[in-house]
>>> print(open('run.cif').read())   # mmCIF, C-alpha atoms and all ligand atoms
data_model
#
loop_
_atom_site.label_atom_id
_atom_site.label_comp_id
_atom_site.auth_asym_id
_atom_site.auth_seq_id
_atom_site.Cartn_x
_atom_site.Cartn_y
_atom_site.Cartn_z
CA MET A 240 29.34 157.33 77.09
CA ILE A 241 26.32 155.12 76.31
CA GLU A 242 24.04 158.06 75.54
CA ARG A 243 26.42 159.20 72.80
CA PHE A 244 25.54 156.08 70.79
CA ASP A 245 21.85 156.43 69.98
CA PRO A 246 20.51 153.14 68.59
CA LEU A 247 17.71 155.01 66.83
CA GLN A 248 20.39 156.74 64.76
CA GLY A 249 22.03 153.40 63.96
CA ALA A 250 25.08 154.13 66.16
CA ARG A 251 27.29 151.29 67.37
CA LEU A 252 29.88 151.65 70.10
CA GLN A 253 33.27 150.37 68.99
CA VAL A 254 36.53 151.01 70.88
CA LEU A 255 38.87 148.90 68.72
CA ASP A 256 38.71 148.82 64.95
CA GLU A 257 39.57 145.59 63.11
CA ALA A 258 43.25 146.51 63.21
CA GLY A 259 43.13 146.81 67.01
CA GLU A 260 43.44 150.60 66.94
CA PRO A 261 41.43 152.37 69.68
CA GLY A 262 39.15 155.25 68.65
CA ALA A 263 40.06 158.70 69.98
CA GLY A 264 39.03 159.13 73.62
CA LEU A 265 37.37 155.70 73.82
CA ASP A 266 40.08 153.47 75.34
CA PRO A 267 38.96 152.66 78.92
CA GLY A 268 42.64 152.75 79.97
CA LEU A 269 42.72 149.45 81.84
CA PRO A 270 45.92 148.48 83.64
CA GLU A 271 48.21 145.98 81.90
CA ALA A 272 47.38 143.14 84.31
CA ALA A 273 43.66 143.54 83.63
CA LEU A 274 44.21 143.56 79.86
CA ARG A 275 46.32 140.42 80.05
CA ALA A 276 43.73 138.72 82.28
CA MET A 277 41.07 139.48 79.68
CA TYR A 278 43.13 138.04 76.84
CA GLU A 279 43.97 134.95 78.87
CA ALA A 280 40.28 134.41 79.73
CA MET A 281 39.43 134.69 76.03
CA ALA A 282 42.11 132.15 75.14
CA ARG A 283 40.91 129.76 77.86
CA THR A 284 37.36 130.12 76.64
CA ARG A 285 38.31 129.29 73.08
CA ALA A 286 40.35 126.28 74.18
CA ALA A 287 37.61 124.99 76.49
CA ASP A 288 35.01 125.41 73.75
CA ALA A 289 37.04 123.44 71.20
CA LYS A 290 37.60 120.72 73.79
CA ALA A 291 33.91 120.47 74.64
CA ILE A 292 33.08 119.85 70.96
CA LYS A 293 35.74 117.12 70.76
CA LEU A 294 34.43 115.49 73.94
CA GLN A 295 30.92 115.50 72.48
CA ARG A 296 32.16 113.83 69.28
CA GLN A 297 33.81 111.15 71.41
CA GLY A 298 30.64 110.51 73.39
CA ARG A 299 32.14 111.96 76.58
CA LEU A 300 29.86 115.04 76.77
CA GLY A 301 26.24 115.61 75.73
CA THR A 302 24.76 118.10 73.28
CA TYR A 303 26.77 121.31 73.54
CA PRO A 304 26.26 124.90 72.26
CA PRO A 305 29.56 126.28 70.93
CA SER A 306 30.72 129.76 72.02
CA ARG A 307 33.37 130.53 69.38
CA GLY A 308 33.00 134.15 68.26
CA HIS A 309 31.35 135.20 71.54
CA GLU A 310 34.52 135.50 73.62
CA ALA A 311 34.64 139.31 73.59
CA CYS A 312 30.99 139.57 74.68
CA GLN A 313 31.43 137.08 77.48
CA VAL A 314 34.83 138.15 78.80
CA GLY A 315 34.12 141.88 78.40
CA LEU A 316 30.86 141.61 80.32
CA ALA A 317 32.12 139.34 83.11
CA SER A 318 35.24 141.50 83.58
CA ALA A 319 33.03 144.53 84.17
CA MET A 320 31.01 142.84 86.94
CA ASP A 321 31.68 143.23 90.65
CA ARG A 322 31.78 140.40 93.16
CA GLY A 323 28.37 141.28 94.65
CA ASP A 324 26.51 141.41 91.34
CA TRP A 325 24.26 138.55 90.28
CA PHE A 326 24.31 136.70 86.97
CA PHE A 327 21.40 134.92 85.27
CA PRO A 328 22.94 133.03 82.37
CA TYR A 329 21.66 131.46 79.20
CA PHE A 330 23.03 128.30 77.63
CA ARG A 331 25.88 129.80 75.57
CA ASP A 332 27.96 131.51 78.24
CA LEU A 333 31.17 129.53 78.65
CA GLY A 334 33.41 132.63 78.80
CA MET A 335 31.21 134.19 81.49
CA TYR A 336 31.76 131.15 83.70
CA ILE A 337 35.49 131.08 83.07
CA THR A 338 35.94 134.81 83.71
CA LEU A 339 33.78 134.85 86.84
CA GLY A 340 35.93 132.06 88.27
CA TYR A 341 33.35 129.29 88.18
CA PRO A 342 35.12 125.90 88.15
CA LEU A 343 35.35 124.69 84.55
CA ALA A 344 35.07 121.07 85.74
CA ASP A 345 31.62 121.89 87.15
CA HIS A 346 30.59 123.51 83.89
CA PHE A 347 31.76 120.51 81.83
CA HIS A 348 30.03 118.24 84.34
CA PHE A 349 26.72 119.97 83.62
CA TRP A 350 27.12 119.46 79.87
CA MET A 351 28.01 115.85 80.64
CA GLY A 352 24.43 115.59 81.83
CA ASN A 353 24.91 115.89 85.57
CA GLU A 354 22.66 118.38 87.34
CA ALA A 355 25.08 118.58 90.25
CA GLY A 356 27.27 120.49 87.80
CA GLN A 357 25.00 123.49 88.37
CA ARG A 358 26.19 123.87 91.95
CA THR A 359 27.49 127.35 92.51
CA PRO A 360 30.40 127.66 94.91
CA ASP A 361 30.04 130.09 97.82
CA GLY A 362 30.89 133.62 96.85
CA LEU A 363 29.67 133.28 93.25
CA ASN A 364 26.22 134.65 92.51
CA ILE A 365 25.26 132.63 89.45
CA PHE A 366 21.80 131.21 88.81
CA PRO A 367 21.39 127.84 87.05
CA ILE A 368 21.59 127.87 83.25
CA ALA A 369 18.26 128.62 81.56
CA ILE A 370 17.53 126.26 78.68
CA PRO A 371 13.96 127.52 78.01
CA VAL A 372 14.72 130.54 75.83
CA GLY A 373 14.20 133.86 77.64
CA SER A 374 12.98 132.38 80.94
CA GLN A 375 15.96 133.85 82.81
CA ILE A 376 14.89 137.42 81.98
CA PRO A 377 11.90 137.75 84.37
CA GLN A 378 13.88 135.83 86.99
CA ALA A 379 16.69 138.38 86.73
CA VAL A 380 14.18 141.21 87.00
CA GLY A 381 12.73 139.58 90.12
CA ALA A 382 16.22 139.43 91.62
CA GLY A 383 16.71 143.08 90.64
CA MET A 384 13.47 143.99 92.38
CA ALA A 385 14.58 142.09 95.50
CA ALA A 386 17.89 143.96 95.51
CA LYS A 387 15.97 147.22 95.24
CA TYR A 388 13.67 146.34 98.16
CA ARG A 389 16.68 145.41 100.23
CA LYS A 390 18.57 148.53 99.15
CA LEU A 391 21.56 146.43 98.10
CA PRO A 392 24.07 148.35 95.96
CA ILE A 393 24.31 145.56 93.38
CA ALA A 394 23.43 144.99 89.74
CA VAL A 395 21.78 141.94 88.19
CA VAL A 396 23.02 140.84 84.79
CA THR A 397 21.26 138.53 82.39
CA THR A 398 22.34 137.31 78.96
CA PHE A 399 20.22 136.00 76.10
CA GLY A 400 20.26 135.68 72.33
CA ASP A 401 18.56 137.60 69.56
CA GLY A 402 15.94 134.83 69.37
CA ALA A 403 14.96 135.41 73.00
CA THR A 404 13.78 138.93 72.14
CA SER A 405 10.70 137.41 70.47
CA GLU A 406 9.64 135.70 73.68
CA GLY A 407 6.96 137.22 75.90
CA ASP A 408 9.39 136.86 78.81
CA PHE A 409 11.71 139.43 77.22
CA HIS A 410 8.97 142.06 76.85
CA GLU A 411 7.39 141.41 80.24
CA GLY A 412 10.78 141.50 81.94
CA LEU A 413 11.96 144.71 80.30
CA ASN A 414 8.60 146.42 80.78
CA PHE A 415 8.61 145.65 84.50
CA ALA A 416 12.26 146.70 84.82
CA GLY A 417 11.51 150.03 83.14
CA VAL A 418 8.48 150.81 85.29
CA PHE A 419 10.14 149.86 88.59
CA ARG A 420 13.65 150.99 87.59
CA THR A 421 15.23 147.75 88.74
CA PRO A 422 19.05 147.49 88.78
CA ASN A 423 19.22 145.18 85.75
CA VAL A 424 21.66 145.03 82.88
CA PHE A 425 20.18 143.09 79.97
CA VAL A 426 22.76 141.84 77.52
CA CYS A 427 21.56 140.47 74.19
CA LEU A 428 24.20 138.51 72.32
CA ASN A 429 22.91 139.18 68.84
CA ASN A 430 24.75 136.47 66.93
CA GLN A 431 22.50 136.92 63.86
CA PHE A 432 20.75 133.57 64.19
CA ALA A 433 18.35 131.66 66.40
CA ILE A 434 19.27 128.17 65.21
CA SER A 435 18.54 128.65 61.47
CA MET A 436 16.29 131.72 61.83
CA PRO A 437 18.15 134.86 60.67
CA ARG A 438 17.94 138.06 62.67
CA GLU A 439 15.90 139.85 59.95
CA ARG A 440 13.07 137.38 60.44
CA GLN A 441 13.24 137.65 64.23
CA THR A 442 12.23 141.30 64.45
CA ALA A 443 11.37 144.17 62.12
CA SER A 444 13.28 146.62 64.38
CA ALA A 445 16.47 147.95 62.82
CA THR A 446 18.36 147.11 66.03
CA ILE A 447 17.63 145.18 69.19
CA ALA A 448 19.11 147.98 71.33
CA GLN A 449 16.37 150.40 70.24
CA LYS A 450 13.71 148.23 71.88
CA ALA A 451 14.89 149.73 75.20
CA VAL A 452 13.56 153.12 74.11
CA ALA A 453 10.00 151.77 74.20
CA TYR A 454 10.52 150.53 77.75
CA GLY A 455 11.82 153.89 78.88
CA PHE A 456 15.49 153.19 79.55
CA PRO A 457 18.78 153.39 77.65
CA GLY A 458 19.77 150.87 75.01
CA VAL A 459 23.10 150.69 73.23
CA GLN A 460 24.44 148.55 70.43
CA VAL A 461 28.09 147.63 70.84
CA ASP A 462 30.54 145.80 68.62
CA GLY A 463 30.39 142.38 70.25
CA ASN A 464 33.73 141.33 68.76
CA ASP A 465 35.46 144.18 70.57
CA VAL A 466 36.13 143.20 74.18
CA LEU A 467 36.84 146.79 75.25
CA ALA A 468 33.57 148.07 73.78
CA VAL A 469 31.59 145.43 75.65
CA TYR A 470 33.58 146.17 78.80
CA ALA A 471 33.08 149.94 78.57
CA ALA A 472 29.33 149.72 77.95
CA ALA A 473 28.82 147.10 80.66
CA ARG A 474 30.91 148.98 83.22
CA GLU A 475 28.81 152.12 82.74
CA ALA A 476 25.47 150.26 82.74
CA LEU A 477 26.43 148.30 85.87
CA ALA A 478 27.57 151.40 87.77
CA ASN A 479 24.35 153.15 86.81
CA ALA A 480 22.23 150.20 87.98
CA ARG A 481 24.08 149.93 91.30
CA ALA A 482 23.62 153.66 91.89
CA GLY A 483 19.82 153.45 91.48
CA GLY A 484 19.78 154.76 87.90
CA GLY A 485 17.71 151.87 86.55
CA PRO A 486 18.20 149.30 83.80
CA THR A 487 20.08 149.29 80.50
CA LEU A 488 19.83 147.05 77.44
CA ILE A 489 23.11 146.26 75.70
CA GLU A 490 23.01 144.61 72.29
CA ALA A 491 26.33 142.97 71.55
CA PHE A 492 26.47 142.67 67.76
CA THR A 493 28.38 139.51 66.97
CA TYR A 494 28.29 136.23 65.07
CA ARG A 495 28.06 132.60 66.11
CA MET A 496 31.11 131.08 64.39
CA GLY A 497 30.14 127.50 65.13
CA ASP A 498 26.99 125.43 64.81
CA HIS A 499 23.99 126.20 66.99
CA THR A 500 24.75 123.05 68.96
CA THR A 501 26.67 119.86 68.25
CA SER A 502 23.36 118.53 66.79
CA ASP A 503 23.24 121.27 64.14
CA ASP A 504 24.91 121.82 60.77
CA ALA A 505 25.01 125.56 60.14
CA GLY A 506 26.42 124.91 56.64
CA ARG A 507 22.85 124.12 55.58
CA TYR A 508 21.59 127.65 56.16
CA ARG A 509 24.60 130.01 56.09
CA ALA A 510 26.87 131.02 53.24
CA LYS A 511 30.57 130.17 53.61
CA GLU A 512 31.50 133.71 52.51
CA GLU A 513 29.53 135.20 55.40
CA VAL A 514 31.35 133.02 57.92
CA LEU A 515 34.72 133.93 56.35
CA GLU A 516 33.85 137.60 56.56
CA TRP A 517 33.25 137.25 60.29
CA GLU A 518 36.45 135.23 60.67
CA ARG A 519 38.28 138.47 59.84
CA LYS A 520 36.51 140.16 62.76
CA ASP A 521 37.74 137.47 65.19
CA PRO A 522 37.59 138.95 68.71
CA LEU A 523 40.84 137.31 69.84
CA LEU A 524 42.74 138.52 66.80
CA ARG A 525 41.52 142.10 67.30
CA PHE A 526 42.48 142.19 70.96
CA ARG A 527 45.85 140.59 70.22
CA LEU A 528 46.58 143.37 67.69
CA TYR A 529 45.69 145.96 70.34
CA LEU A 530 47.93 144.29 72.92
CA GLY A 531 50.71 144.12 70.33
CA ARG A 532 50.44 147.87 69.73
CA LYS A 533 50.88 148.40 73.47
CA GLY A 534 53.88 146.06 73.61
CA LEU A 535 51.91 143.55 75.69
CA TRP A 536 51.84 140.70 73.19
CA ASN A 537 54.52 138.67 71.42
CA GLU A 538 54.96 135.08 70.19
CA ALA A 539 56.56 133.90 73.44
CA TYR A 540 53.63 135.29 75.47
CA GLU A 541 51.17 133.65 73.05
CA LYS A 542 52.90 130.29 73.49
CA THR A 543 52.65 130.58 77.29
CA VAL A 544 48.98 131.61 77.08
CA GLN A 545 48.13 128.65 74.83
CA GLU A 546 50.02 126.16 77.00
CA GLU A 547 48.41 127.46 80.15
CA ALA A 548 44.94 127.37 78.54
CA ALA A 549 45.44 123.78 77.38
CA ALA A 550 46.58 122.69 80.86
CA PHE A 551 43.63 124.49 82.46
CA VAL A 552 41.20 122.70 80.16
CA GLU A 553 42.78 119.25 80.49
CA LYS A 554 42.71 119.48 84.28
CA ALA A 555 39.01 120.42 84.19
CA VAL A 556 38.21 117.44 81.93
CA ALA A 557 40.13 115.07 84.20
CA ASP A 558 38.35 116.46 87.29
CA ALA A 559 34.90 116.25 85.66
CA GLU A 560 35.45 112.69 84.43
CA ALA A 561 36.80 111.54 87.80
CA ARG A 562 33.49 112.26 89.48
CA PRO A 563 31.08 109.44 90.26
CA PRO A 564 28.34 108.94 87.65
CA ALA A 565 24.94 110.58 88.10
CA THR A 566 22.42 108.67 90.19
CA PRO A 567 18.67 108.42 89.52
CA GLU A 568 18.14 110.59 92.63
CA ASP A 569 20.02 113.39 90.89
CA LEU A 570 16.93 113.93 88.74
CA PHE A 571 15.18 115.17 91.87
CA SER A 572 17.90 116.65 94.03
CA TYR A 573 18.83 120.06 92.75
CA THR A 574 15.68 122.07 92.18
CA TYR A 575 14.22 122.57 95.66
CA GLY A 576 15.88 123.22 99.03
CA THR A 577 13.14 121.03 100.53
CA MET A 578 11.53 118.69 98.06
CA PRO A 579 7.71 119.02 97.82
CA PRO A 580 5.61 115.94 98.75
CA ASP A 581 4.61 115.03 95.17
CA LEU A 582 8.24 114.86 94.07
CA MET A 583 9.13 112.96 97.24
CA ALA A 584 6.49 110.37 96.31
CA GLN A 585 7.84 110.12 92.76
CA LEU A 586 11.37 109.61 94.09
CA GLU A 587 10.17 106.82 96.40
CA ALA A 588 8.33 105.20 93.47
CA LEU A 589 11.45 105.39 91.32
CA LYS A 590 13.57 103.84 94.07
CA ALA A 591 11.04 101.03 94.55
CA SER A 592 10.92 100.33 90.83
CA LEU A 593 14.73 100.30 90.58
CA ALA A 594 14.85 97.89 93.51
CA GLY A 595 12.64 95.54 91.52
CA GLY A 596 9.42 96.28 93.39
CA ARG A 597 6.28 97.73 91.91
CA PRO A 598 5.89 101.51 92.12
C1 LIG B 601 11.00 128.40 75.04
C2 LIG B 601 11.90 127.66 74.10
N1 LIG B 601 11.57 127.53 72.81
C3 LIG B 601 12.39 126.88 71.95
C4 LIG B 601 13.56 126.33 72.41
C5 LIG B 601 14.51 125.63 71.43
N2 LIG B 601 15.64 126.50 71.20
C6 LIG B 601 16.79 126.34 71.87
S1 LIG B 601 17.92 127.49 71.47
C7 LIG B 601 16.88 128.24 70.38
C8 LIG B 601 17.31 129.45 69.61
C9 LIG B 601 17.84 130.52 70.49
O1 LIG B 601 18.37 131.56 69.70
P1 LIG B 601 18.97 132.84 70.37
O2 LIG B 601 18.07 133.33 71.43
O3 LIG B 601 19.32 133.78 69.29
O4 LIG B 601 20.31 132.32 71.10
P2 LIG B 601 21.57 131.62 70.39
O5 LIG B 601 21.27 130.15 70.40
O6 LIG B 601 21.70 132.16 69.02
O7 LIG B 601 22.75 131.94 71.23
C10 LIG B 601 15.65 127.57 70.33
C11 LIG B 601 14.53 127.97 69.47
C12 LIG B 601 13.86 126.46 73.77
N3 LIG B 601 15.00 125.97 74.30
N4 LIG B 601 13.03 127.14 74.60
MG MG B 602 21.12 134.03 68.32
#
>>> encode(input="run.cif", output="C-alpha cells")
Amino acid sequence: MIERFDPLQGARLQVLDEAGEPGAGLDPGLPEAALRAMYEAMARTRAADAKAIKLQRQGRLGTYPPSRGHEACQVGLASAMDRGDWFFPYFRDLGMYITLGYPLADHFHFWMGNEAGQRTPDGLNIFPIAIPVGSQIPQAVGAGMAAKYRKLPIAVVTTFGDGATSEGDFHEGLNFAGVFRTPNVFVCLNNQFAISMPRERQTASATIAQKAVAYGFPGVQVDGNDVLAVYAAAREALANARAGGGPTLIEAFTYRMGDHTTSDDAGRYRAKEEVLEWERKDPLLRFRLYLGRKGLWNEAYEKTVQEEAAAFVEKAVADAEARPPATPEDLFSYTYGTMPPDLMAQLEALKASLAGGRP
C-alpha cells in the first residue's frame, strides 16, 4: 500500500477522514478487541499526559514534554509492532510506552528525575530515552545491522521529530540504513515545530517522507492524527523490514497540541486559530467517530474507558511516588554494565565528599 502514496507527488495516506469514515479499500479490518485496545491506549495516554503536566505544576515531576495530539502516531505505531521488535525512543513517546506495556510508574519515575526509571522490564526491547535530538537514529541503525548479522527476523523502530531531520545523525543513519538495507523503520513525528522553529524553516523539502528517496528506500507521509493510517503504514513497513526488504521512512503529519515542554509557552509563537484548527482534527475524536459508526462506541463505554484510564494513571503516580528517593550513586549506576575506572574514581570521590572528607 505504501508505494501507492508517492511523497514526491504530495500524496498522504489517510484511512479515516475527519468524520471517521474509512476510505474505500483502506480499512485494515482489525478485530473489535484490537480496535478497542487502541482506543483505550489512546485514552490512557491522554489521561497520563494531562496528569504529568499537573504533577509538574505541583513540583512533583520535573520538566515534561507533553504528548497531546500525538496519540494516534504513538498508539498506531506501537500496536503494529511485534514482541521481538526493538524500539529506540525519543523524549515525546508516552503513548508508545503505554501501548507496549511499559510500566507507567517507571515512565513517571524517569520524568521525576530518577534514572532508575529507565529500567526496561524483561521481555520489552526498549532503549533508554534519547534527549540529545536525533542521537537515537544511528543507534537504531546499529541495532538493525546487528539483527541483520544475526539473521534475526525482527524490525528496529525509532521515533524522532521534524527538528531531528536537520541533525547529521539523521542523514548518517538513513544513508547507512539504505546502503546496508538494515531492518529499520524510521518514524518522524512531524508536529510542525521544533520548539519555536516552524517546519518550513527546518527544511526546504516539500515533505520529510521524500527524503527517503535520496537514500534509496521507500518513504511515505501518513495522516498522523489517524491511528489506522499510522497502523497500516507501520504494519507494512515492519513486515517488509523483518522479511529482509530493508528500511522505510514514515512521516506522521501531526501537530503538537501542547507546549514544547512545561518550560515553554507556545502561545508566544503560534496563532490560536491554528491550534483550534488542529483541535478539530483531534485523533481521539476521529477514532471515536469511527468506532461509533461500527457500533463499538457509546457514552457508557466512554465513561468506563475514562474511569479505567484515571485509575490506571492514579495507581502509577502512587507507585512512582512510593519509591525511595534517588541517591547520589544513581548518577553513576545506569549507564554501564561494569563501570569504567574513571567513573568508579569519581563515585568514590563523591562518596568521600558526602561523608565530609576531602575528595
Ligand atoms: C542535539 C540537541 N540539540 C538541541 C537540543 C534542545 N532541544 C530539545 S528538543 C528540541 C527540538 C526538537 O524538535 P523536534 O525534533 O521537532 O521534536 P519535538 O520536540 O517537536 O517533538 C531541541 C532543539 C537537544 N536536546 N539536543
Ligand atoms: Mg517537532
>>> residues_around(input="run.cif", residues="segment 587-594 of chain A", least_positions_apart="6", cutoff="12 Å", atoms="all atoms listed in the file", output="list in words")
Thr566, Pro567, Glu568, Asp569, Leu570, Phe571, Pro580 and Asp581 of chain A
>>> closest_residue(input="run.cif", among="A:Ala273, A:Met351, A:Met384, A:Met496", to="Leu294 of chain A", atoms="only C-alpha atoms")
A:Met351
>>> closest_atom_pairs(input="run.cif", of="chain A", to="ligand LIG 601 (chain B)", cutoff="9 Å", atoms="all atoms listed in the file", output="JSON lines")
{"residue": "A:Pro304", "atom": "CA", "partner": "B:LIG601", "partner_atom": "O5", "distance": 7.5}
{"residue": "A:Pro305", "atom": "CA", "partner": "B:LIG601", "partner_atom": "O7", "distance": 8.9}
{"residue": "A:Ser306", "atom": "CA", "partner": "B:LIG601", "partner_atom": "O7", "distance": 8.3}
{"residue": "A:Tyr329", "atom": "CA", "partner": "B:LIG601", "partner_atom": "O7", "distance": 8.1}
{"residue": "A:Phe330", "atom": "CA", "partner": "B:LIG601", "partner_atom": "O7", "distance": 7.4}
{"residue": "A:Arg331", "atom": "CA", "partner": "B:LIG601", "partner_atom": "O7", "distance": 5.8}
{"residue": "A:Asp332", "atom": "CA", "partner": "B:LIG601", "partner_atom": "O7", "distance": 8.7}
{"residue": "A:Ala369", "atom": "CA", "partner": "B:LIG601", "partner_atom": "N3", "distance": 8.4}
{"residue": "A:Ile370", "atom": "CA", "partner": "B:LIG601", "partner_atom": "N3", "distance": 5.1}
{"residue": "A:Pro371", "atom": "CA", "partner": "B:LIG601", "partner_atom": "N4", "distance": 3.6}
{"residue": "A:Val372", "atom": "CA", "partner": "B:LIG601", "partner_atom": "N4", "distance": 4.0}
{"residue": "A:Gly373", "atom": "CA", "partner": "B:LIG601", "partner_atom": "C1", "distance": 6.8}
{"residue": "A:Ser374", "atom": "CA", "partner": "B:LIG601", "partner_atom": "C1", "distance": 7.4}
{"residue": "A:Phe399", "atom": "CA", "partner": "B:LIG601", "partner_atom": "O2", "distance": 5.8}
{"residue": "A:Gly400", "atom": "CA", "partner": "B:LIG601", "partner_atom": "O2", "distance": 3.3}
{"residue": "A:Asp401", "atom": "CA", "partner": "B:LIG601", "partner_atom": "O3", "distance": 3.9}
{"residue": "A:Gly402", "atom": "CA", "partner": "B:LIG601", "partner_atom": "O2", "distance": 3.3}
{"residue": "A:Ala403", "atom": "CA", "partner": "B:LIG601", "partner_atom": "O2", "distance": 4.1}
{"residue": "A:Thr404", "atom": "CA", "partner": "B:LIG601", "partner_atom": "O2", "distance": 7.1}
{"residue": "A:Ser405", "atom": "CA", "partner": "B:LIG601", "partner_atom": "O2", "distance": 8.5}
{"residue": "A:Glu406", "atom": "CA", "partner": "B:LIG601", "partner_atom": "C1", "distance": 7.5}
{"residue": "A:Cys427", "atom": "CA", "partner": "B:LIG601", "partner_atom": "O2", "distance": 8.4}
{"residue": "A:Leu428", "atom": "CA", "partner": "B:LIG601", "partner_atom": "O7", "distance": 6.8}
{"residue": "A:Asn429", "atom": "CA", "partner": "B:LIG601", "partner_atom": "O3", "distance": 6.5}
{"residue": "A:Asn430", "atom": "CA", "partner": "B:LIG601", "partner_atom": "O6", "distance": 5.7}
{"residue": "A:Gln431", "atom": "CA", "partner": "B:LIG601", "partner_atom": "O3", "distance": 7.0}
{"residue": "A:Phe432", "atom": "CA", "partner": "B:LIG601", "partner_atom": "O6", "distance": 5.1}
{"residue": "A:Ala433", "atom": "CA", "partner": "B:LIG601", "partner_atom": "O1", "distance": 3.3}
{"residue": "A:Ile434", "atom": "CA", "partner": "B:LIG601", "partner_atom": "C8", "distance": 5.0}
{"residue": "A:Ser435", "atom": "CA", "partner": "B:LIG601", "partner_atom": "C8", "distance": 8.3}
{"residue": "A:Met436", "atom": "CA", "partner": "B:LIG601", "partner_atom": "O1", "distance": 8.1}
{"residue": "A:Pro437", "atom": "CA", "partner": "B:LIG601", "partner_atom": "O3", "distance": 8.8}
{"residue": "A:Arg438", "atom": "CA", "partner": "B:LIG601", "partner_atom": "O3", "distance": 8.0}
{"residue": "A:Gln441", "atom": "CA", "partner": "B:LIG601", "partner_atom": "O3", "distance": 8.8}
{"residue": "A:Tyr494", "atom": "CA", "partner": "B:LIG601", "partner_atom": "O6", "distance": 8.7}
{"residue": "A:Arg495", "atom": "CA", "partner": "B:LIG601", "partner_atom": "O6", "distance": 7.0}
{"residue": "A:His499", "atom": "CA", "partner": "B:LIG601", "partner_atom": "O5", "distance": 5.9}
{"residue": "A:Thr500", "atom": "CA", "partner": "B:LIG601", "partner_atom": "O5", "distance": 8.0}
>>> atom_distance(input="run.cif", atom1="atom CA of Gly301 of chain A", atom2="atom CA of Ala549 of chain A")
20.9 Å
>>> atom_distance(input="run.cif", atom1="atom CA of Gly334 of chain A", atom2="atom CA of Arg283 of chain A")
8.1 Å
>>> closest_residue(input="run.cif", among="A:Val469, A:Ala258, A:Val514, A:Leu300", to="His348 of chain A", atoms="all atoms listed in the file")
A:Leu300
>>> closest_residue(input="run.cif", among="A:Phe425, A:Phe419, A:Phe366, A:Phe492", to="Thr446 of chain A", atoms="only C-alpha atoms")
A:Phe492
>>> residues_around(input="run.cif", residues="Thr487 of chain A", least_positions_apart="4", cutoff="10 Å", atoms="all atoms listed in the file", output="list in words")
Ile241, Val396, Leu413, Ala416, Gly417, Arg420, Thr421, Pro422, Asn423, Val424, Phe425, Val426, Ala448, Ala451, Val452, Gly455, Phe456, Pro457, Gly458, Val459, Ala472, Ala473, Glu475, Ala476, Leu477, Asn479 and Ala480 of chain A
>>> residues_around(input="run.cif", residues="Pro522 of chain A", least_positions_apart="2", cutoff="6 Å", atoms="only C-alpha atoms", output="PyMOL selection string")
chain A and resi 311+464-465+524-525
>>> write_last_selection(input="run.cif", atoms="C-alpha atoms", output="PDB file, in the coordinates of the input")
ATOM      1  CA  ALA A 311      34.640 139.310  73.590  1.00  0.00           C
ATOM      2  CA  ASN A 464      33.730 141.330  68.760  1.00  0.00           C
ATOM      3  CA  ASP A 465      35.460 144.180  70.570  1.00  0.00           C
ATOM      4  CA  LEU A 524      42.740 138.520  66.800  1.00  0.00           C
ATOM      5  CA  ARG A 525      41.520 142.100  67.300  1.00  0.00           C
TER       6      ARG A 525
END
>>> residues_near_point(input="run.cif", point="(26.1, 149.9, 91.9)", cutoff="9 Å", atoms="only C-alpha atoms", output="JSON, numbers by chain")
{"A": [321, 324, 391, 392, 393, 394, 422, 477, 478, 479, 480, 481, 482, 483, 484]}
>>> closest_residue(input="run.cif", among="A:Ala491, A:Glu538, A:Arg251, A:Asn364", to="ligand MG 602 (chain B)", atoms="all atoms listed in the file")
A:Ala491
>>> atom_distance(input="run.cif", atom1="atom CA of Tyr388 of chain A", atom2="atom CA of Gly576 of chain A")
23.2 Å
>>> residues_around(input="run.cif", residues="Pro270 of chain A", least_positions_apart="4", cutoff="12 Å", atoms="only C-alpha atoms", output="ChimeraX atom specification")
/A:266,274-277,530,533,535
>>> residues_near_point(input="run.cif", point="(44.5, 126.3, 81.8)", cutoff="12 Å", atoms="only C-alpha atoms", output="ChimeraX atom specification")
/A:279-287,290,337,342-344,543-556
>>> closest_residue(input="run.cif", among="A:His309, A:Phe409, A:Ala385, A:Lys520", to="ligand MG 602 (chain B)", atoms="only C-alpha atoms and all ligand atoms")
A:His309
>>> axis_aligned_box(input="run.cif", around="segment 558-566 of chain A", padding_each_side="6 Å", output="AutoDock Vina command-line options")
--center_x 30.4 --center_y 112.6 --center_z 87.3 --size_x 27.9 --size_y 19.8 --size_z 17.8
